[in-house]
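Below is one structure, written out as structure tokens, with a few remarks after it.
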Amino acid sequence: MDDAHASLPEVPGKDFIREILDEDRRTGKHAGRVATRFPPEPNGYLHIGHAKSICLNFGVAREYGGTCNLRFDDTNPLKEETEYVDSIQEDVHWLGFDWQDRLFYASDYFGKLYDFGETLIRSGKAYVCDLTADDVRAYRGTLKEPGRNSPWRDRPPGESLELFRRMRAGEFPDGSRTLRAKIDMASPNINLRDPALFRIRKAAHHRTGDAWCIYPMYDYAHALSDWIEGITHSLCTLEFEDHRPLYDWCLEALDLPNRPRQIEFARLNLTYTLLSKRKLLQLVTGGHVTGWNDPRMPTLAGLRRRGFTPEALRDFCNRIGLAKRDGVVEVELLEHCLREDLNRRAQRVMAVLDPVRVVLTNYPEGKVEELDAVNNPEDAAQGTRKVPFSRELFIDRDDFREVPPPKFHRLSPGQDVRLRWGYIIRCEEVVKDPATGAIVELRCTYDPATRGGDAPAGRKVKGTIHWVSAAQALAVEVRLYDRLFSAPNPDEAPEGNNFLANLNPSSLVVKAGCRVEPSLGSAKRGEVFQFERVGYFIVDPDSGTDSSSGGLVFNRSVSLRDTWGKIEKKARGA
RNA sequence: UGGGGAGUCGACAAGUGGUAAGUCAGCGGUCUUUGGAACCGCCUACCGGAGGUUCGAAUCCUCCCUCCCCAGCCA
């Protein structure tokens, strides 16, 4: 692409952040340099909300010839773990972005952050406060009433300095003291009422071990880490909007040059989905899902296992736009992006999820034909494959109706239907279990003149269904996933309940004994297929290593658009 | 009711004084060896409300209404 030309002119439709970037470049701010960062806290797995931020930060850096750092915001040893830093790196790479040699940790800067603390104390802009957490809360005031000064607020810098050093040396217990910024206890912005800069926490840190027992707070660490890395534009979500004055205060109080600018945008919300790390953790620890990578989870790890592609996710992030108004994106858009991507790439294959036996009474016993099937009508380059055809087949139970409803184009007594890439058949007899009345077999005849599914001139067959040859088909397990929550807003629960009450009881339906065409015997884990007329499916890692003997497990990524389903639903409703 | 934000079609989102893009969803149709895909239509938004400025306003001014965020030694 000619991105040099595409990004320079003022094209209408640019989001507000890119407009700011354009303006800054025009005015020569930061010498036209653009440096962003993606700053996750390693306290959970990345989810699709983070994908929006990743695509923004890395995307903007790429478009403006700048850089984007990956920085772990690891200032709270109580919640952070190495497992999370590993998964985050894997997920960012998988999404398609690279921080090259710019992998950083806020904990890399603990020494500098400490020194900045001493500087603030010396200049009278910070003090050591002996108030307990409860005291601080009491002194803080309320949204409407101003707070009161801490009795330690005017402690001489020399005394604060000594205390701060002793805090660092581990001489005081957790929670006994903090280093606080001296700003304004009467500020209408509560974040400015002498916020804590450092707290005592005698806990092992996943990277620095027990080298430190005081840890910097987010606002302080974040602003200064941005500055240390030479970040020019610090993009974050709306809830940090009223932290911006504090972000700026930290940089100004230290009189730092070339200050980064914090810009806030609306975080992603998705219908039928929870995007809160805390609640996702709860789903994991509570056993409501099998783990962070459960295919029903909105985590990148879960989406990946569900069959989402990085391309589909990036496309989604581009389509949802970027603005300051908070809203809720419908999951249907996400599903659309997946279908659109998979439609052009996924190989077609035939799979019968709920098999019912079909016997072709006029087809020779023991005969097996190899018929040609097109792998992907959207992409001729994907070629063709052979599928075996014989006297005994399986079709989906759903594709037969003893008494067909209006507009039903599939198999029913006396009716013709085309077997995809096979023959046109007609149902002559329905065999039922005398005890239960359940259909156990359909006895049909085939038309030898229609090999490959070709209808002779003038003959029209309304329906085409998928099938597998009984003897050659592979038995597999199929996991039908659906949305995890049955309410558009999972948090909107009946009185006395929480989001757990909205868990969708049928978010996972496991179907054993499904039959797929034998070509799938060579399918690899992570490969995605379209089961014709059904949906897109990915080979799950749970699949046995020896897939030729079965043991294949497929996850439904997303179903195909189901027009017939809508017709039926409407008929039922009317 | 202190402070900070935001309100444009069911959803997301362009529009930055000249008379409302696009996408998803929905609806109808064409086509079709996936009731898939593709293609074609429709979805007739008076732009939160009321005033005002102007030849002309979603865009400027005034007042009002609604929604979101903030009282962690979390991020």
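If you're wondering about the labels, chains in the structure tokens are A, B, ... by order shown, residues count from 1 in each chain, ligands from 1 in order shown.
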
(Q) Need to verify the contact set: G15 (chain B), 10 Å, only C-alpha atoms (C1' of nucleotides), exclusion of same-chain residues closer than 5 positions in sequence. Can you return it as JSON, numbers by chain? (A) {"A": [12, 13], "B": [8, 20, 21, 58, 59]}

(Q) Excluding Tyr536 (chain A) and its own-chain neighbours fewer than 2 positions away, which residues fall within 8 Å of it when counting only C-alpha atoms (C1' of nucleotides)? Please give them as an MDAnalysis selection string. (A) chainID A and resid 339 342 346 528:531 534 538 556:560

Q: Give me, as number ranges by chain, the contact residues of chain A against chain B at a cut-off of 6 Å, counting only C-alpha atoms (C1' of nucleotides).
A: A: 13, 142-144, 188-189, 199, 239, 242, 320, 325, 329-330, 333, 420, 453, 532-533, 563-564

Could you write out the selected residues, including N, CA and C atoms, as an mmCIF file, in the first residue's frame?
```cif
data_model
loop_
_atom_site.group_PDB
_atom_site.id
_atom_site.type_symbol
_atom_site.label_atom_id
_atom_site.label_comp_id
_atom_site.auth_asym_id
_atom_site.auth_seq_id
_atom_site.Cartn_x
_atom_site.Cartn_y
_atom_site.Cartn_z
ATOM 1 N N GLY A 13 -13.002 10.940 8.604
ATOM 2 C CA GLY A 13 -13.292 9.639 9.168
ATOM 3 C C GLY A 13 -12.206 9.154 10.085
ATOM 4 N N THR A 142 -15.280 13.641 51.210
ATOM 5 C CA THR A 142 -16.178 12.911 50.321
ATOM 6 C C THR A 142 -16.210 13.615 48.977
ATOM 7 N N LEU A 143 -17.085 13.114 48.116
ATOM 8 C CA LEU A 143 -17.190 13.728 46.800
ATOM 9 C C LEU A 143 -17.567 15.196 46.918
ATOM 10 N N LYS A 144 -18.373 15.487 47.932
ATOM 11 C CA LYS A 144 -18.852 16.861 48.057
ATOM 12 C C LYS A 144 -18.101 17.693 49.083
ATOM 13 N N PRO A 188 -11.423 19.431 44.268
ATOM 14 C CA PRO A 188 -12.663 18.747 43.894
ATOM 15 C C PRO A 188 -12.371 17.416 43.195
ATOM 16 N N ASN A 189 -11.160 17.273 42.708
ATOM 17 C CA ASN A 189 -10.740 16.020 42.100
ATOM 18 C C ASN A 189 -10.063 15.189 43.185
ATOM 19 N N ARG A 199 3.726 2.676 48.827
ATOM 20 C CA ARG A 199 3.199 2.019 50.000
ATOM 21 C C ARG A 199 4.133 0.894 50.382
ATOM 22 N N GLU A 239 -11.750 5.744 32.170
ATOM 23 C CA GLU A 239 -11.797 5.854 33.636
ATOM 24 C C GLU A 239 -10.568 6.547 34.205
ATOM 25 N N ASP A 242 -9.900 11.449 34.916
ATOM 26 C CA ASP A 242 -9.634 12.378 36.023
ATOM 27 C C ASP A 242 -8.356 12.026 36.790
ATOM 28 N N ILE A 320 -14.827 -1.388 14.800
ATOM 29 C CA ILE A 320 -15.590 -0.835 15.914
ATOM 30 C C ILE A 320 -15.329 0.648 16.128
ATOM 31 N N ARG A 325 -17.207 8.206 23.494
ATOM 32 C CA ARG A 325 -18.503 7.852 24.080
ATOM 33 C C ARG A 325 -18.518 6.357 24.342
ATOM 34 N N VAL A 329 -20.771 -2.798 21.765
ATOM 35 C CA VAL A 329 -20.754 -3.357 20.417
ATOM 36 C C VAL A 329 -21.487 -4.700 20.447
ATOM 37 N N GLU A 330 -22.302 -4.950 19.438
ATOM 38 C CA GLU A 330 -23.025 -6.219 19.391
ATOM 39 C C GLU A 330 -22.079 -7.346 18.973
ATOM 40 N N LEU A 333 -21.240 -8.454 15.322
ATOM 41 C CA LEU A 333 -20.198 -7.877 14.470
ATOM 42 C C LEU A 333 -18.921 -8.712 14.545
ATOM 43 N N ARG A 420 -24.590 -33.620 -1.665
ATOM 44 C CA ARG A 420 -23.541 -32.754 -2.218
ATOM 45 C C ARG A 420 -22.388 -33.577 -2.779
ATOM 46 N N GLY A 453 -23.655 -35.160 -8.453
ATOM 47 C CA GLY A 453 -24.685 -34.205 -8.046
ATOM 48 C C GLY A 453 -25.277 -33.433 -9.201
ATOM 49 N N GLU A 532 -19.699 -28.139 5.891
ATOM 50 C CA GLU A 532 -20.663 -27.550 4.966
ATOM 51 C C GLU A 532 -22.068 -27.504 5.547
ATOM 52 N N ARG A 533 -22.675 -26.371 5.376
ATOM 53 C CA ARG A 533 -24.043 -26.088 5.822
ATOM 54 C C ARG A 533 -24.181 -26.007 7.336
ATOM 55 N N THR A 563 -30.442 -19.157 7.442
ATOM 56 C CA THR A 563 -31.680 -18.591 6.930
ATOM 57 C C THR A 563 -32.879 -19.492 7.215
ATOM 58 N N TRP A 564 -32.638 -20.774 7.053
ATOM 59 C CA TRP A 564 -33.731 -21.719 7.318
ATOM 60 C C TRP A 564 -34.153 -21.639 8.791
#
```

Q | Pairwise distance for CA of Gln262 (chain A) and CA of Leu235 (chain A), rounded to one decimal in Å | A | 5.8 Å

Q: Apply DSSP to the backbone of this structure and, from region 374-529 of chain A, keep only the residues in strand (DSSP E or B); write these as JSON, numbers by chain.
A: {"A": [374, 384, 385, 386, 387, 388, 389, 390, 392, 393, 394, 395, 396, 400, 411, 413, 416, 417, 418, 419, 424, 425, 426, 427, 428, 429, 430, 431, 432, 439, 440, 441, 442, 443, 444, 445, 446, 464, 465, 467, 468, 469, 474, 475, 476, 477, 478, 479, 480, 481, 485, 503, 508, 509, 510, 511, 512, 513, 514, 515, 516, 528, 529]}

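With only C-alpha atoms (C1' of nucleotides) taken into account, the protein and nucleic acid residues at most 9 Å from Arg168 (chain A) (excluding it and anything under 2 positions from it in its own chain) are Tyr114, Leu163, Phe164, Arg165, Arg166, Gly170, Glu171, Phe172, Ile200, Trp212, Cys213 and Ile214 of chain A.
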
Q: Go through B:C31, B:G17, B:U66, B:G26 and flag the residue nearest U54 (chain B), using only C-alpha atoms (C1' of nucleotides) for the distances.
A: B:G17

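CA of Arg525 (chain A) to CA of Gly49 (chain A) spans 26.4 Å [interatomic distance, one decimal].
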
Q. A:Gly158, A:Pro448, A:Pro295, A:Gly535: which is nearest Asn343 (chain A), counting only C-alpha atoms?
A. A:Gly535

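One distance worth recording is that between CA of Ala35 (chain A) and CA of His206 (chain A), which is 27.1 Å.
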
Q: Using DSSP on the backbone coordinates, identify the residues of region 59-264 of chain A assigned to helix (DSSP H, G or I); present them as a ChimeraX atom specification.
A: /A:59-63,82-95,106-122,133-140,157-168,190-192,218-228,238-253
